[in-house]
Amino acid sequence: MSKYMVNLKINNIPVTVEEGTTILEAARKLNISIPTLCYHEDLSVAGNCRVCLVEVAGAKNLAASCAAPVSEGMEVNTNSKNVRTSRRHVVELLLSEHNADCTKCFKNGHCELQDLASEYRIGDHVFIDLVKPQDKVVDISSPSIQKDDSKCIRCQRCVRTCSELQSVSALAVCYKGDHQRISTFLSKPLHEVVCTNCGQCVNRCPTGALTERTYIEEVWDAINDPTKHVVVETAPAVRVALGEDLGIETGTRVTGKMVSALRHVGFDSVLDTDFTADLTILEEGNELLRRLKKALVEKDETVRLPMFTSCSPGWIKFIEHTYSDFLPHLSTCKSPQQMFGALAKTYYAQKKNINAKNMVVVSIMPCTAKKFESGRPEMRDSGYQDVDYVLTTRELAMMIKQAGIDFAKMEDTAYDSIMGDSTGAGVIFGNTGGVMEAALRTAYEVVTGREVPFANLNIVPVRGMEGVKEAKVMIKDVLPEWSFLEGVELSVAIAHGLANANKVVQAVRDGKASYHFIEIMGCPGGCIGGGGQPIPTNPEIRQKRADAIYAEDEGLPKRKSHDNPEVLHLYKEFLGEPLGHKSHDLLHTHYKARKRY
Amino acid sequence: MSHIKIQLKEAQVNQLKEVCRSFDNDPGELINVLHKAQGIFGYLPAEVQEVVARELQLPVAKVYGVVTFYSFFTMQPKGLHPISICMGTACYVRGAEKVLDEFRRILNINVGESTADGKFSISCLRCVGACGLAPVVTIGEKVYGRVSPDGVKDILREYEF
Ligand code: SF4
Ligand code: SF4
Ligand code: SF4
Ligand code: FES
């Protein structure tokens, strides 16, 4: 059915759009920019900030363009004197209630409110300063997220993010009038409530009210300490997004430049989390096969299926709070970040003759929840805290700038060895569907001795940005030891963003869906859309990053985790076999039930 | 903010669940459920909000958002002698705020709080319709008219302050 089309004029330029389009969307089609604060492409429309006001001919009042639909013959002016004055007043009012200490603010230079203030050249406050001193207390209870109410403009993007995209609702609009603020239950510290540390609210907060807890200074201190050997690991999704914060076009792969820059910054060993992503596949793939065998052959009723992936720490905390009865469904595999840390301070330390005590492991992640994960008491299997500091992609970009590195001019160099080699299967961990695809590439081959039956190894059904994806793979002509899988149709599902994860778990719990294996990523798009990635984020940006990940995969000589020579070597020299004794000690973990209310 | 930690008795939890059920556990009925709950408990402590959230399948932060939005809801228990000061226009212009300040000063509590011994609590009201008597204060069922700051002490003495 073709939609009804509407003709209108914006600033005297005619445009034709579908019925139901907002004035803001129509203006963007004409490349006319209208400022916004509460509006975000990923979220429902709130229409509460009034900064997007425009003049509509014949209307008495200015209209909020993010909420007002177009109509036939409409004439819109986005730049009249009235519009400019009103917008300026909106920004001035917001600033009068704002603790505008920009020079001390983490968002300095990346702030939508600051941008508007500078665009409208707002100097001295016309309105009186209304910042209340009691609002200046910053919540730093969480190791991942920092909440500073004195920077909040109450646009409610965070509230909508947390409920619409993540179905967590750790934050709500509380109190009213000039007491209104964004609060947790009973105004408790973030660390004590259901917050998953996913950082999606941070990605969408237009100001410095919600930011990551930063550990840049601690990392500089470690680098500058001559007694420390500082190892850095980089997650798959960082290499396709880092450039955005360093003046390089969205969707550009900067792997080689990033490796060089990390050396210039001063890290002693530059290694890759992709290596442990490959390792995860061997452990987790074998765990799945073992569970299937126990369930199908030994009829062991204690084995829980479907098995859920466990590499996304936001998802882990979500399930610990929300579905604690489902914890036995989680794979016991640690995330690649934590496998890396545990091996760095044991295997790597031994091989390189470094005293693990003097080793500092820094991980660069697209994620804020990883900061929380690294501090979990279970993550000390090396005898030390396995990963010492976690920095976001954004924090790394800041360090690169602080070091005075001209990133665009960096040469491409390769990761150090060992624990620096990876396959395309490790890289695609960064995308929703990637862990599933990598697991299938390996598991299918283990069971049948043949490659997965998809052209060029690209398992297209598990790719793409749909919230919940399903796929089935028929297993035929298996190797003798796997005869119990002959003719089994392996049924899998993939969800990204916790609201979608929630739907899948509900469906499984209600018996409405049955799968063998489910991949869950806490963030929309998977890690490429993680809470630690460059801001802004929207569907188009996430798609470009995802495309870059698949391009990186196709460009690598090896694309199956079980072909990673360094991983094979690791098993031969150190671990023994997948799910073996050492693996159990270093690479697997357990979970804990947490309070929901 | 300080919170009084209480333990709901099983019977109270069941009573609360019954209230939720009487509204079909419909999250859209949150305000009505809270209204009833406050009728039972006199206030809405954290534990009550948690039970309501669980029964109506709502995030507990949202329940808290609603409780803090409406001035009708309170999270503090009322005192044995709940003091209400009218803040309607007539009372306000005739000095209700000064009267309120005097109550706060003497009892050393804020609006919405109660004294440590649980004897008195202070709340503010919109117009009670006794404008001829402004400023008006009620304690329990009893109405006091033309209250002046100087008279506050005498009133409290009636309650063995
Ligand atoms: S939030 Fe933005 S405007 Fe406010 S202090 Fe930080 S940088 Fe400045
Ligand atoms: S914390 Fe940020 S996103 Fe949330 S309401 Fe405040 S300014 Fe908006
Ligand atoms: S970090 Fe995630 S779970 Fe926590 S408040 Fe933000 S959006 Fe919600
Ligand atoms: S962006 Fe339109 S009202 Fe906020």
# chains A, B, ... in the order shown; residues from 1 in each chain; ligands from 1
$ select_by_dssp --residues "stretch 123-241 of chain A" --states "helix (DSSP H, G or I)" --output "JSON, numbers by chain"
{"A": [133, 134, 135, 136, 149, 150, 151, 157, 158, 159, 160, 161, 162, 163, 164, 165, 177, 178, 179, 185, 186, 187, 190, 191, 192, 200, 201, 202, 203, 204, 216, 217, 218, 219, 220, 221, 222, 223, 224, 236, 237, 238, 239, 240]}
$ write_last_selection --atoms "C-alpha atoms" --output "mmCIF file, in the first residue's frame"
data_model
loop_
_atom_site.group_PDB
_atom_site.id
_atom_site.type_symbol
_atom_site.label_atom_id
_atom_site.label_comp_id
_atom_site.auth_asym_id
_atom_site.auth_seq_id
_atom_site.Cartn_x
_atom_site.Cartn_y
_atom_site.Cartn_z
ATOM 1 C CA PRO A 133 24.146 23.004 45.943
ATOM 2 C CA GLN A 134 22.699 19.679 47.060
ATOM 3 C CA ASP A 135 22.495 18.663 43.401
ATOM 4 C CA LYS A 136 26.245 18.840 43.099
ATOM 5 C CA ASP A 149 22.466 15.466 38.458
ATOM 6 C CA SER A 150 23.810 19.013 38.332
ATOM 7 C CA LYS A 151 24.505 18.466 34.606
ATOM 8 C CA ARG A 157 16.596 10.305 26.929
ATOM 9 C CA CYS A 158 18.223 8.077 29.555
ATOM 10 C CA VAL A 159 14.878 7.080 31.029
ATOM 11 C CA ARG A 160 13.531 6.142 27.611
ATOM 12 C CA THR A 161 16.738 4.319 26.701
ATOM 13 C CA CYS A 162 16.723 2.284 29.871
ATOM 14 C CA SER A 163 13.087 1.293 29.514
ATOM 15 C CA GLU A 164 12.495 1.147 25.735
ATOM 16 C CA LEU A 165 15.777 -0.316 24.511
ATOM 17 C CA GLY A 177 8.223 20.954 39.234
ATOM 18 C CA ASP A 178 11.594 22.415 40.034
ATOM 19 C CA HIS A 179 12.397 19.382 42.171
ATOM 20 C CA PHE A 185 14.425 3.738 43.280
ATOM 21 C CA LEU A 186 14.644 5.641 46.592
ATOM 22 C CA SER A 187 17.473 7.693 45.033
ATOM 23 C CA LEU A 190 23.398 3.220 40.880
ATOM 24 C CA HIS A 191 25.516 0.350 42.139
ATOM 25 C CA GLU A 192 22.722 -0.795 44.432
ATOM 26 C CA GLN A 200 23.314 2.888 26.603
ATOM 27 C CA CYS A 201 22.041 5.884 28.570
ATOM 28 C CA VAL A 202 25.550 7.321 28.478
ATOM 29 C CA ASN A 203 25.542 6.979 24.687
ATOM 30 C CA ARG A 204 22.373 9.032 24.499
ATOM 31 C CA ILE A 216 42.711 7.238 32.042
ATOM 32 C CA GLU A 217 44.926 8.683 34.760
ATOM 33 C CA GLU A 218 45.444 5.297 36.409
ATOM 34 C CA VAL A 219 46.508 3.869 33.059
ATOM 35 C CA TRP A 220 48.940 6.729 32.416
ATOM 36 C CA ASP A 221 50.414 6.108 35.862
ATOM 37 C CA ALA A 222 50.938 2.433 35.066
ATOM 38 C CA ILE A 223 52.530 3.270 31.720
ATOM 39 C CA ASN A 224 54.877 5.749 33.366
ATOM 40 C CA PRO A 236 36.803 -6.524 18.084
ATOM 41 C CA ALA A 237 34.375 -3.596 17.854
ATOM 42 C CA VAL A 238 36.903 -0.915 18.811
ATOM 43 C CA ARG A 239 38.784 -1.089 15.494
ATOM 44 C CA VAL A 240 35.720 -0.130 13.429
#
$ interface_residues --of "chain A" --to "chain B" --cutoff "6 Å" --atoms "only C-alpha atoms" --output "count of residues only"
9
$ residues_near_ligand --ligand "ligand 4" --cutoff "6 Å" --atoms "only C-alpha atoms and all ligand atoms" --output "count of residues only"
13
$ residues_around --residues "A:Leu53" --least-positions-apart "3" --cutoff "10 Å" --atoms "only C-alpha atoms" --output "MDAnalysis selection string"
chainID A and resid 24 34:36 49:50 56 61:68 77:79 82:84 86:87 90
$ residues_near_ligand --ligand "ligand 2" --cutoff "6 Å" --atoms "only C-alpha atoms and all ligand atoms" --output "short mmCIF file (atom, residue, chain, number, x, y, z; two decimals) with N, CA and C atoms, in the first residue's frame"
data_model
loop_
_atom_site.label_atom_id
_atom_site.label_comp_id
_atom_site.auth_asym_id
_atom_site.auth_seq_id
_atom_site.Cartn_x
_atom_site.Cartn_y
_atom_site.Cartn_z
N CYS A 152 22.24 17.61 34.55
CA CYS A 152 21.08 17.00 33.87
C CYS A 152 20.10 18.07 33.41
N ILE A 153 19.62 17.94 32.18
CA ILE A 153 18.62 18.89 31.67
C ILE A 153 17.23 18.24 31.61
N ARG A 154 17.10 17.07 32.19
CA ARG A 154 15.81 16.37 32.29
C ARG A 154 15.15 16.11 30.94
N CYS A 155 15.96 15.84 29.94
CA CYS A 155 15.42 15.53 28.61
C CYS A 155 14.82 14.13 28.59
N GLN A 156 15.20 13.31 29.56
CA GLN A 156 14.66 11.95 29.72
C GLN A 156 15.08 10.96 28.64
N ARG A 157 16.11 11.30 27.89
CA ARG A 157 16.60 10.31 26.93
C ARG A 157 17.07 9.05 27.65
N CYS A 158 17.71 9.23 28.81
CA CYS A 158 18.22 8.08 29.55
C CYS A 158 17.08 7.19 30.04
N CYS A 205 22.88 10.38 26.46
CA CYS A 205 22.76 11.59 27.27
C CYS A 205 23.42 12.75 26.53
N PRO A 206 22.69 13.85 26.30
CA PRO A 206 23.28 14.95 25.53
C PRO A 206 24.28 15.78 26.33
N THR A 207 24.35 15.56 27.63
CA THR A 207 25.23 16.38 28.48
C THR A 207 26.20 15.49 29.25
N ALA A 209 25.78 14.61 32.29
CA ALA A 209 25.09 14.06 33.46
C ALA A 209 25.33 12.57 33.61
N LEU A 210 25.44 11.87 32.50
CA LEU A 210 25.75 10.45 32.56
C LEU A 210 26.99 10.21 31.70
#
$ residues_around --residues "B:Gly112" --least-positions-apart "5" --cutoff "10 Å" --atoms "only C-alpha atoms" --output "compact mmCIF listing (two decimals) with N, CA, C and O atoms, in the first residue's frame"
# COMPACT_ATOMS: atom_id res chain seq x y z
N SER B 71 1.75 14.88 45.41
CA SER B 71 1.98 15.29 46.80
C SER B 71 1.03 14.56 47.76
O SER B 71 1.26 14.52 48.95
N PHE B 73 0.73 11.41 47.94
CA PHE B 73 1.43 10.24 48.47
C PHE B 73 2.56 10.66 49.40
O PHE B 73 3.23 11.66 49.15
N THR B 74 2.75 9.89 50.44
CA THR B 74 3.87 10.19 51.32
C THR B 74 4.62 8.91 51.66
O THR B 74 4.03 7.83 51.74
N MET B 75 5.92 9.07 51.86
CA MET B 75 6.73 7.91 52.22
C MET B 75 7.07 7.91 53.70
O MET B 75 7.83 7.08 54.17
N GLN B 76 6.52 8.90 54.41
CA GLN B 76 6.79 8.99 55.84
C GLN B 76 5.52 8.64 56.61
O GLN B 76 4.44 9.06 56.22
N PRO B 77 5.66 7.90 57.70
CA PRO B 77 4.46 7.59 58.48
C PRO B 77 3.90 8.87 59.12
O PRO B 77 4.65 9.77 59.46
N LYS B 78 2.58 8.96 59.25
CA LYS B 78 1.97 10.10 59.94
C LYS B 78 2.16 9.92 61.44
O LYS B 78 2.19 8.80 61.95
N SER B 84 -1.79 19.43 60.02
CA SER B 84 -1.89 19.87 58.63
C SER B 84 -2.06 21.39 58.61
O SER B 84 -2.90 21.93 59.32
N SER B 121 3.40 14.77 63.15
CA SER B 121 3.93 14.88 61.80
C SER B 121 3.34 16.14 61.18
O SER B 121 2.29 16.62 61.61
N ILE B 122 4.04 16.69 60.21
CA ILE B 122 3.56 17.92 59.57
C ILE B 122 3.30 17.67 58.09
O ILE B 122 4.11 17.05 57.40
N SER B 123 2.15 18.14 57.61
CA SER B 123 1.93 18.15 56.17
C SER B 123 1.24 19.45 55.80
O SER B 123 0.72 20.15 56.66
N CYS B 124 1.27 19.76 54.51
CA CYS B 124 0.59 20.97 54.05
C CYS B 124 -0.63 20.57 53.24
O CYS B 124 -0.64 19.55 52.58
$ select_by_dssp --residues "chain B" --states "strand (DSSP E or B)" --output "PyMOL selection string"
chain B and resi 81-86+114+120-125+137-139+142-144
$ residues_around --residues "B:Gly39" --least-positions-apart "3" --cutoff "12 Å" --atoms "only C-alpha atoms" --output "list in words"
Gln15, Leu16, Val19, Asn32, Val33, Leu34, His35, Lys36, Gly42, Tyr43, Leu44, Phe72, Phe73, Thr74, Pro77 and Lys78 of chain B
$ write_last_selection --atoms "C-alpha atoms" --output "compact mmCIF listing (two decimals), in the first residue's frame"
# COMPACT_ATOMS: atom_id res chain seq x y z
CA GLN B 15 -3.48 -7.70 52.13
CA LEU B 16 -1.44 -5.66 49.69
CA VAL B 19 -5.46 -4.91 46.73
CA ASN B 32 -5.40 3.58 42.42
CA VAL B 33 -3.47 0.73 43.96
CA LEU B 34 -1.12 3.14 45.71
CA HIS B 35 -4.10 5.13 46.90
CA LYS B 36 -5.61 2.06 48.53
CA GLY B 42 -1.05 5.46 56.26
CA TYR B 43 2.04 5.96 54.08
CA LEU B 44 4.02 4.21 51.36
CA PHE B 72 -0.91 13.18 48.06
CA PHE B 73 1.43 10.24 48.47
CA THR B 74 3.87 10.19 51.32
CA PRO B 77 4.46 7.59 58.48
CA LYS B 78 1.97 10.10 59.94
$ residues_near_ligand --ligand "ligand 1" --cutoff "8 Å" --atoms "only C-alpha atoms and all ligand atoms" --output "MDAnalysis selection string"
chainID A and resid 95 98:115 117 151:152 206:209
$ closest_residue --among "A:Gly256, A:Gly404, A:Gly73, A:Pro524" --to "ligand 3" --atoms "only C-alpha atoms and all ligand atoms"
A:Pro524
$ residues_around --residues "A:Ser422" --least-positions-apart "3" --cutoff "12 Å" --atoms "only C-alpha atoms" --output "count of residues only"
40
$ atom_distance --atom1 "atom CA of A:Arg596" --atom2 "atom CA of A:Gly526"
24.4 Å
$ residues_around --residues "A:Trp482" --least-positions-apart "5" --cutoff "10 Å" --atoms "only C-alpha atoms" --output "VMD selection string"
chain A and resid 289 293 446 to 448 477
$ write_last_selection --atoms "all heavy atoms" --output "PDB file, in the first residue's frame"
ATOM      1  N   LEU A 289      28.245 -28.702  22.617  1.00  0.00           N
ATOM      2  CA  LEU A 289      28.181 -30.088  22.151  1.00  0.00           C
ATOM      3  C   LEU A 289      28.069 -31.053  23.330  1.00  0.00           C
ATOM      4  O   LEU A 289      27.332 -32.031  23.286  1.00  0.00           O
ATOM      5  CB  LEU A 289      29.408 -30.423  21.296  1.00  0.00           C
ATOM      6  CG  LEU A 289      29.465 -29.690  19.947  1.00  0.00           C
ATOM      7  CD1 LEU A 289      30.790 -29.949  19.237  1.00  0.00           C
ATOM      8  CD2 LEU A 289      28.294 -30.085  19.049  1.00  0.00           C
ATOM      9  N   LYS A 293      25.024 -33.590  24.084  1.00  0.00           N
ATOM     10  CA  LYS A 293      25.238 -35.019  24.258  1.00  0.00           C
ATOM     11  C   LYS A 293      24.602 -35.504  25.556  1.00  0.00           C
ATOM     12  O   LYS A 293      23.905 -36.526  25.586  1.00  0.00           O
ATOM     13  CB  LYS A 293      26.738 -35.317  24.264  1.00  0.00           C
ATOM     14  CG  LYS A 293      27.043 -36.790  24.324  1.00  0.00           C
ATOM     15  CD  LYS A 293      28.502 -37.064  24.011  1.00  0.00           C
ATOM     16  CE  LYS A 293      28.724 -38.590  24.017  1.00  0.00           C
ATOM     17  NZ  LYS A 293      30.130 -38.932  23.884  1.00  0.00           N
ATOM     18  N   VAL A 446      33.423 -29.412  13.381  1.00  0.00           N
ATOM     19  CA  VAL A 446      33.846 -30.434  14.343  1.00  0.00           C
ATOM     20  C   VAL A 446      32.977 -31.677  14.190  1.00  0.00           C
ATOM     21  O   VAL A 446      33.462 -32.813  14.168  1.00  0.00           O
ATOM     22  CB  VAL A 446      33.733 -29.892  15.796  1.00  0.00           C
ATOM     23  CG1 VAL A 446      33.832 -31.014  16.817  1.00  0.00           C
ATOM     24  CG2 VAL A 446      34.806 -28.837  16.052  1.00  0.00           C
ATOM     25  N   VAL A 447      31.674 -31.463  14.025  1.00  0.00           N
ATOM     26  CA  VAL A 447      30.735 -32.580  14.031  1.00  0.00           C
ATOM     27  C   VAL A 447      30.713 -33.325  12.694  1.00  0.00           C
ATOM     28  O   VAL A 447      30.596 -34.542  12.654  1.00  0.00           O
ATOM     29  CB  VAL A 447      29.319 -32.065  14.387  1.00  0.00           C
ATOM     30  CG1 VAL A 447      28.271 -33.143  14.197  1.00  0.00           C
ATOM     31  CG2 VAL A 447      29.315 -31.574  15.835  1.00  0.00           C
ATOM     32  N   THR A 448      30.832 -32.567  11.590  1.00  0.00           N
ATOM     33  CA  THR A 448      30.678 -33.224  10.283  1.00  0.00           C
ATOM     34  C   THR A 448      31.988 -33.384   9.534  1.00  0.00           C
ATOM     35  O   THR A 448      32.050 -34.111   8.545  1.00  0.00           O
ATOM     36  CB  THR A 448      29.740 -32.402   9.374  1.00  0.00           C
ATOM     37  OG1 THR A 448      30.372 -31.139   9.103  1.00  0.00           O
ATOM     38  CG2 THR A 448      28.394 -32.155  10.031  1.00  0.00           C
ATOM     39  N   ASP A 477      25.161 -36.337   7.854  1.00  0.00           N
ATOM     40  CA  ASP A 477      26.424 -37.020   7.540  1.00  0.00           C
ATOM     41  C   ASP A 477      27.523 -36.668   8.544  1.00  0.00           C
ATOM     42  O   ASP A 477      28.586 -36.175   8.177  1.00  0.00           O
ATOM     43  CB  ASP A 477      26.894 -36.666   6.118  1.00  0.00           C
ATOM     44  CG  ASP A 477      25.814 -36.988   5.089  1.00  0.00           C
ATOM     45  OD1 ASP A 477      25.089 -37.975   5.307  1.00  0.00           O
ATOM     46  OD2 ASP A 477      25.696 -36.227   4.115  1.00  0.00           O
TER      47      ASP A 477
END
$ closest_residue --among "A:Pro336, A:Gly580, A:Pro536, A:Gly199" --to "ligand 3" --atoms "only C-alpha atoms and all ligand atoms"
A:Gly199
